[in-house]
file input_15.txt (compact mmCIF, N, CA and C atoms)
# COMPACT_ATOMS: atom_id res chain seq x y z
N MET A 2 117.93 103.85 153.17
CA MET A 2 117.49 104.31 151.86
C MET A 2 116.61 103.24 151.23
N ALA A 3 115.51 103.66 150.69
CA ALA A 3 114.61 102.73 150.02
C ALA A 3 114.48 103.10 148.54
N PHE A 4 114.52 102.09 147.72
CA PHE A 4 114.28 102.25 146.30
C PHE A 4 112.98 101.51 146.01
N THR A 5 112.22 102.00 145.04
CA THR A 5 110.94 101.38 144.72
C THR A 5 110.94 100.91 143.28
N ALA A 6 110.71 99.61 143.11
CA ALA A 6 110.60 99.01 141.78
C ALA A 6 109.15 99.12 141.33
N HIS A 7 108.91 99.85 140.28
CA HIS A 7 107.56 100.02 139.73
C HIS A 7 107.41 99.10 138.53
N TYR A 8 106.29 98.42 138.46
CA TYR A 8 106.07 97.44 137.40
C TYR A 8 104.58 97.28 137.14
N TRP A 9 104.28 96.49 136.11
CA TRP A 9 102.90 96.16 135.76
C TRP A 9 102.71 94.66 135.92
N ARG A 10 101.59 94.28 136.52
CA ARG A 10 101.24 92.86 136.65
C ARG A 10 99.75 92.74 136.38
N TYR A 11 99.40 91.89 135.44
CA TYR A 11 97.99 91.66 135.07
C TYR A 11 97.28 92.97 134.70
N GLY A 12 98.00 93.85 134.00
CA GLY A 12 97.42 95.09 133.53
C GLY A 12 97.24 96.17 134.57
N ALA A 13 97.77 95.95 135.76
CA ALA A 13 97.65 96.95 136.82
C ALA A 13 99.03 97.38 137.32
N PRO A 14 99.20 98.66 137.62
CA PRO A 14 100.48 99.12 138.16
C PRO A 14 100.67 98.61 139.58
N ALA A 15 101.93 98.33 139.93
CA ALA A 15 102.27 97.86 141.27
C ALA A 15 103.67 98.36 141.61
N ALA A 16 104.05 98.21 142.87
CA ALA A 16 105.38 98.67 143.31
C ALA A 16 105.87 97.78 144.44
N GLU A 17 107.18 97.64 144.52
CA GLU A 17 107.83 96.86 145.57
C GLU A 17 108.95 97.71 146.16
N GLU A 18 108.90 97.94 147.46
CA GLU A 18 109.95 98.71 148.12
C GLU A 18 111.13 97.78 148.40
N CYS A 19 112.33 98.26 148.09
CA CYS A 19 113.55 97.47 148.26
C CYS A 19 114.59 98.30 149.02
N ASP A 20 115.52 97.62 149.66
CA ASP A 20 116.53 98.32 150.46
C ASP A 20 117.62 98.99 149.63
N SER A 21 117.82 98.53 148.39
CA SER A 21 118.90 99.09 147.57
C SER A 21 118.49 99.09 146.10
N LEU A 22 119.24 99.83 145.30
CA LEU A 22 119.02 99.84 143.87
C LEU A 22 119.24 98.44 143.30
N ASP A 23 120.28 97.78 143.77
CA ASP A 23 120.59 96.43 143.29
C ASP A 23 119.45 95.46 143.60
N GLU A 24 118.87 95.56 144.78
CA GLU A 24 117.75 94.70 145.15
C GLU A 24 116.53 94.98 144.27
N ALA A 25 116.26 96.24 143.99
CA ALA A 25 115.13 96.60 143.13
C ALA A 25 115.35 96.07 141.72
N LEU A 26 116.57 96.20 141.22
CA LEU A 26 116.91 95.68 139.90
C LEU A 26 116.75 94.17 139.85
N ALA A 27 117.22 93.48 140.89
CA ALA A 27 117.09 92.02 140.95
C ALA A 27 115.62 91.61 140.98
N PHE A 28 114.80 92.31 141.74
CA PHE A 28 113.37 92.00 141.81
C PHE A 28 112.73 92.09 140.43
N LEU A 29 112.98 93.19 139.72
CA LEU A 29 112.39 93.36 138.40
C LEU A 29 112.94 92.34 137.41
N ALA A 30 114.24 92.09 137.45
CA ALA A 30 114.86 91.14 136.52
C ALA A 30 114.31 89.73 136.72
N GLN A 31 114.17 89.30 137.95
CA GLN A 31 113.65 87.96 138.22
C GLN A 31 112.19 87.84 137.78
N GLY A 32 111.39 88.85 138.05
CA GLY A 32 110.00 88.84 137.63
C GLY A 32 109.85 88.86 136.12
N TRP A 33 110.70 89.65 135.46
CA TRP A 33 110.67 89.72 134.00
C TRP A 33 111.06 88.37 133.41
N GLU A 34 112.13 87.78 133.94
CA GLU A 34 112.59 86.48 133.43
C GLU A 34 111.52 85.40 133.62
N ALA A 35 110.80 85.46 134.72
CA ALA A 35 109.74 84.48 135.00
C ALA A 35 108.47 84.76 134.21
N GLY A 36 108.39 85.93 133.59
CA GLY A 36 107.21 86.30 132.83
C GLY A 36 106.04 86.74 133.69
N SER A 37 106.33 87.14 134.93
CA SER A 37 105.25 87.51 135.84
C SER A 37 105.03 89.01 135.98
N LEU A 38 105.88 89.83 135.33
CA LEU A 38 105.70 91.28 135.39
C LEU A 38 106.37 91.95 134.22
N SER A 39 105.99 93.19 134.00
CA SER A 39 106.64 94.07 133.02
C SER A 39 107.19 95.26 133.78
N GLU A 40 108.47 95.52 133.58
CA GLU A 40 109.13 96.61 134.30
C GLU A 40 108.62 97.97 133.85
N ASP A 41 108.65 98.92 134.75
CA ASP A 41 108.31 100.30 134.42
C ASP A 41 109.52 101.19 134.74
N HIS A 42 109.84 101.33 136.02
CA HIS A 42 111.01 102.13 136.40
C HIS A 42 111.38 101.83 137.85
N ILE A 43 112.53 102.35 138.26
CA ILE A 43 112.96 102.29 139.66
C ILE A 43 113.10 103.72 140.14
N ALA A 44 112.48 103.99 141.27
CA ALA A 44 112.54 105.32 141.89
C ALA A 44 113.49 105.28 143.07
N GLY A 45 114.20 106.37 143.27
CA GLY A 45 115.12 106.49 144.39
C GLY A 45 114.39 106.90 145.65
N PRO A 46 115.15 107.06 146.74
CA PRO A 46 114.56 107.43 148.04
C PRO A 46 113.75 108.71 148.01
N ASP A 47 114.10 109.63 147.12
CA ASP A 47 113.37 110.90 147.04
C ASP A 47 112.20 110.85 146.06
N GLY A 48 111.96 109.67 145.47
CA GLY A 48 110.85 109.50 144.54
C GLY A 48 111.19 109.77 143.09
N SER A 49 112.39 110.28 142.82
CA SER A 49 112.77 110.54 141.43
C SER A 49 113.17 109.25 140.74
N VAL A 50 112.96 109.21 139.43
CA VAL A 50 113.29 108.02 138.63
C VAL A 50 114.81 107.92 138.49
N VAL A 51 115.36 106.76 138.88
CA VAL A 51 116.80 106.56 138.75
C VAL A 51 117.15 105.60 137.62
N LEU A 52 116.22 104.73 137.24
CA LEU A 52 116.43 103.82 136.11
C LEU A 52 115.10 103.60 135.41
N ASP A 53 115.11 103.71 134.08
CA ASP A 53 113.92 103.40 133.30
C ASP A 53 114.32 103.16 131.86
N GLY A 54 113.35 102.84 131.04
CA GLY A 54 113.57 102.69 129.61
C GLY A 54 114.63 101.68 129.23
N THR A 55 115.38 102.01 128.20
CA THR A 55 116.38 101.11 127.65
C THR A 55 117.46 100.76 128.67
N GLU A 56 117.88 101.72 129.45
CA GLU A 56 118.93 101.46 130.44
C GLU A 56 118.46 100.41 131.46
N LEU A 57 117.24 100.54 131.95
CA LEU A 57 116.69 99.56 132.88
C LEU A 57 116.60 98.20 132.22
N PHE A 58 116.06 98.14 131.01
CA PHE A 58 115.90 96.87 130.31
C PHE A 58 117.24 96.18 130.09
N GLU A 59 118.24 96.93 129.65
CA GLU A 59 119.57 96.34 129.40
C GLU A 59 120.21 95.83 130.69
N ARG A 60 120.06 96.57 131.78
CA ARG A 60 120.62 96.11 133.06
C ARG A 60 119.89 94.88 133.57
N MET A 61 118.57 94.80 133.34
CA MET A 61 117.82 93.59 133.72
C MET A 61 118.29 92.40 132.91
N ARG A 62 118.45 92.58 131.60
CA ARG A 62 118.91 91.49 130.74
C ARG A 62 120.29 91.01 131.16
N ALA A 63 121.18 91.93 131.48
CA ALA A 63 122.52 91.55 131.92
C ALA A 63 122.46 90.78 133.24
N ARG A 64 121.54 91.19 134.10
CA ARG A 64 121.41 90.55 135.41
C ARG A 64 121.00 89.08 135.29
N VAL A 65 120.12 88.77 134.33
CA VAL A 65 119.65 87.39 134.17
C VAL A 65 120.42 86.64 133.11
N GLY A 66 121.39 87.30 132.48
CA GLY A 66 122.22 86.64 131.48
C GLY A 66 121.52 86.42 130.15
N ALA A 67 120.55 87.28 129.84
CA ALA A 67 119.83 87.14 128.56
C ALA A 67 120.54 87.88 127.44

call {"tool": "encode", "arguments": {"input": "input_15.txt", "output": "structure tokens"}}
result
Amino acid sequence: MAFTAHYWRYGAPAAEECDSLDEALAFLAQGWEAGSLSEDHIAGPDGSVVLDGTELFERMRARVGA
């Protein structure tokens, strides 16, 4: 199963394929904490959005301890 972390970097949309939801969340959280990306959403294996908006932001903050 692949999850895709969608984000913005330097004003352009980008995506990173990850093996799990947790890995996709970690990728976005680490990039957000470093100031190198802005999160958009995480898509599941079927392409549907599984995390976005406030829920995604809160889970990222919890992940980095912010």

call {"tool": "residues_around", "arguments": {"input": "input_15.txt", "residues": "Ala30 (chain A)", "least_positions_apart": "5", "cutoff": "7 Å", "atoms": "only C-alpha atoms", "output": "VMD selection string"}}
result
chain A and resid 61 64 to 65

call {"tool": "residues_around", "arguments": {"input": "input_15.txt", "residues": "Leu26 (chain A)", "least_positions_apart": "3", "cutoff": "8 Å", "atoms": "only C-alpha atoms", "output": "list of chain:residue names"}}
result
A:Ala6, A:Leu22, A:Asp23, A:Leu29, A:Ala30, A:Ile43, A:Arg60, A:Met61

call {"tool": "residues_around", "arguments": {"input": "input_15.txt", "residues": "region 17-19 of chain A", "least_positions_apart": "2", "cutoff": "8 Å", "atoms": "all atoms listed in the file", "output": "list in words"}}
result
Met2, Ala3, Phe4, Thr5, Ala6, His7, Tyr8, Ala15, Ser21, Leu22, Asp23, Glu24, Ala25 and Leu26 of chain A

call {"tool": "atom_distance", "arguments": {"input": "input_15.txt", "atom1": "CA of Asp20 (chain A)", "atom2": "CA of Phe58 (chain A)"}}
result
20.2 Å

call {"tool": "atom_distance", "arguments": {"input": "input_15.txt", "atom1": "CA of Ala63 (chain A)", "atom2": "CA of Ala44 (chain A)"}}
result
19.7 Å

call {"tool": "select_by_dssp", "arguments": {"input": "input_15.txt", "residues": "chain A", "states": "strand (DSSP E)", "output": "JSON, numbers by chain"}}
result
{"A": [4, 5, 6, 7, 8, 9, 10, 13, 14, 15, 16, 17, 18, 19, 39, 40, 41, 42, 43, 44, 50, 51, 52, 53]}

call {"tool": "select_by_dssp", "arguments": {"input": "input_15.txt", "residues": "chain A", "states": "helix (DSSP H, G or I)", "output": "VMD selection string"}}
result
chain A and resid 22 to 35 54 to 65

call {"tool": "atom_distance", "arguments": {"input": "input_15.txt", "atom1": "CA of Ala35 (chain A)", "atom2": "atom C of Asp47 (chain A)"}}
result
28.7 Å

call {"tool": "decode", "arguments": {"input": "input_15.txt", "residues": "region 43-62 of chain A", "atoms": "N, CA, C and O atoms", "output": "short mmCIF file (atom, residue, chain, number, x, y, z; two decimals), in the first residue's frame"}}
result
data_model
loop_
_atom_site.label_atom_id
_atom_site.label_comp_id
_atom_site.auth_asym_id
_atom_site.auth_seq_id
_atom_site.Cartn_x
_atom_site.Cartn_y
_atom_site.Cartn_z
N ILE A 43 -2.75 14.14 2.46
CA ILE A 43 -2.22 12.79 2.25
C ILE A 43 -3.31 11.98 1.57
O ILE A 43 -4.46 11.95 2.01
N ALA A 44 -2.92 11.34 0.48
CA ALA A 44 -3.85 10.50 -0.28
C ALA A 44 -3.55 9.03 0.01
O ALA A 44 -2.39 8.65 0.19
N GLY A 45 -4.60 8.24 0.04
CA GLY A 45 -4.46 6.81 0.27
C GLY A 45 -4.12 6.08 -1.01
O GLY A 45 -3.99 6.68 -2.08
N PRO A 46 -3.98 4.76 -0.92
CA PRO A 46 -3.62 3.94 -2.08
C PRO A 46 -4.57 4.09 -3.27
O PRO A 46 -4.15 3.98 -4.42
N ASP A 47 -5.83 4.41 -3.00
CA ASP A 47 -6.80 4.56 -4.09
C ASP A 47 -6.88 6.00 -4.61
O ASP A 47 -7.67 6.30 -5.49
N GLY A 48 -6.03 6.88 -4.06
CA GLY A 48 -6.01 8.27 -4.50
C GLY A 48 -6.93 9.20 -3.74
O GLY A 48 -6.87 10.42 -3.92
N SER A 49 -7.77 8.65 -2.87
CA SER A 49 -8.67 9.51 -2.10
C SER A 49 -7.92 10.16 -0.94
O SER A 49 -6.97 9.62 -0.42
N VAL A 50 -8.38 11.34 -0.55
CA VAL A 50 -7.76 12.08 0.54
C VAL A 50 -8.09 11.40 1.87
O VAL A 50 -9.26 11.18 2.18
N VAL A 51 -7.05 11.07 2.64
CA VAL A 51 -7.27 10.44 3.94
C VAL A 51 -6.98 11.40 5.09
O VAL A 51 -7.50 11.21 6.18
N LEU A 52 -6.16 12.42 4.86
CA LEU A 52 -5.88 13.43 5.88
C LEU A 52 -5.66 14.77 5.19
O LEU A 52 -4.90 14.85 4.23
N ASP A 53 -6.31 15.80 5.71
CA ASP A 53 -6.08 17.15 5.20
C ASP A 53 -6.56 18.15 6.22
O ASP A 53 -7.07 17.79 7.28
N GLY A 54 -6.39 19.42 5.92
CA GLY A 54 -6.91 20.49 6.75
C GLY A 54 -6.43 20.47 8.18
O GLY A 54 -5.28 20.12 8.48
N THR A 55 -7.34 20.82 9.08
CA THR A 55 -7.01 20.94 10.49
C THR A 55 -6.54 19.62 11.09
O THR A 55 -5.60 19.59 11.89
N GLU A 56 -7.16 18.53 10.71
CA GLU A 56 -6.77 17.22 11.24
C GLU A 56 -5.32 16.90 10.88
O GLU A 56 -4.54 16.46 11.73
N LEU A 57 -4.94 17.14 9.64
CA LEU A 57 -3.56 16.90 9.22
C LEU A 57 -2.61 17.81 9.99
O LEU A 57 -1.59 17.36 10.51
N PHE A 58 -2.93 19.09 10.08
CA PHE A 58 -2.07 20.05 10.77
C PHE A 58 -1.88 19.67 12.24
O PHE A 58 -0.76 19.68 12.76
N GLU A 59 -2.96 19.31 12.92
CA GLU A 59 -2.87 18.93 14.34
C GLU A 59 -2.04 17.67 14.53
O GLU A 59 -1.25 17.57 15.48
N ARG A 60 -2.20 16.69 13.65
CA ARG A 60 -1.40 15.47 13.76
C ARG A 60 0.07 15.73 13.48
O ARG A 60 0.95 15.13 14.09
N MET A 61 0.36 16.65 12.54
CA MET A 61 1.75 17.03 12.29
C MET A 61 2.35 17.72 13.50
O MET A 61 3.47 17.42 13.91
N ARG A 62 1.61 18.65 14.10
CA ARG A 62 2.10 19.35 15.29
C ARG A 62 2.36 18.38 16.42
O ARG A 62 3.38 18.48 17.10
#
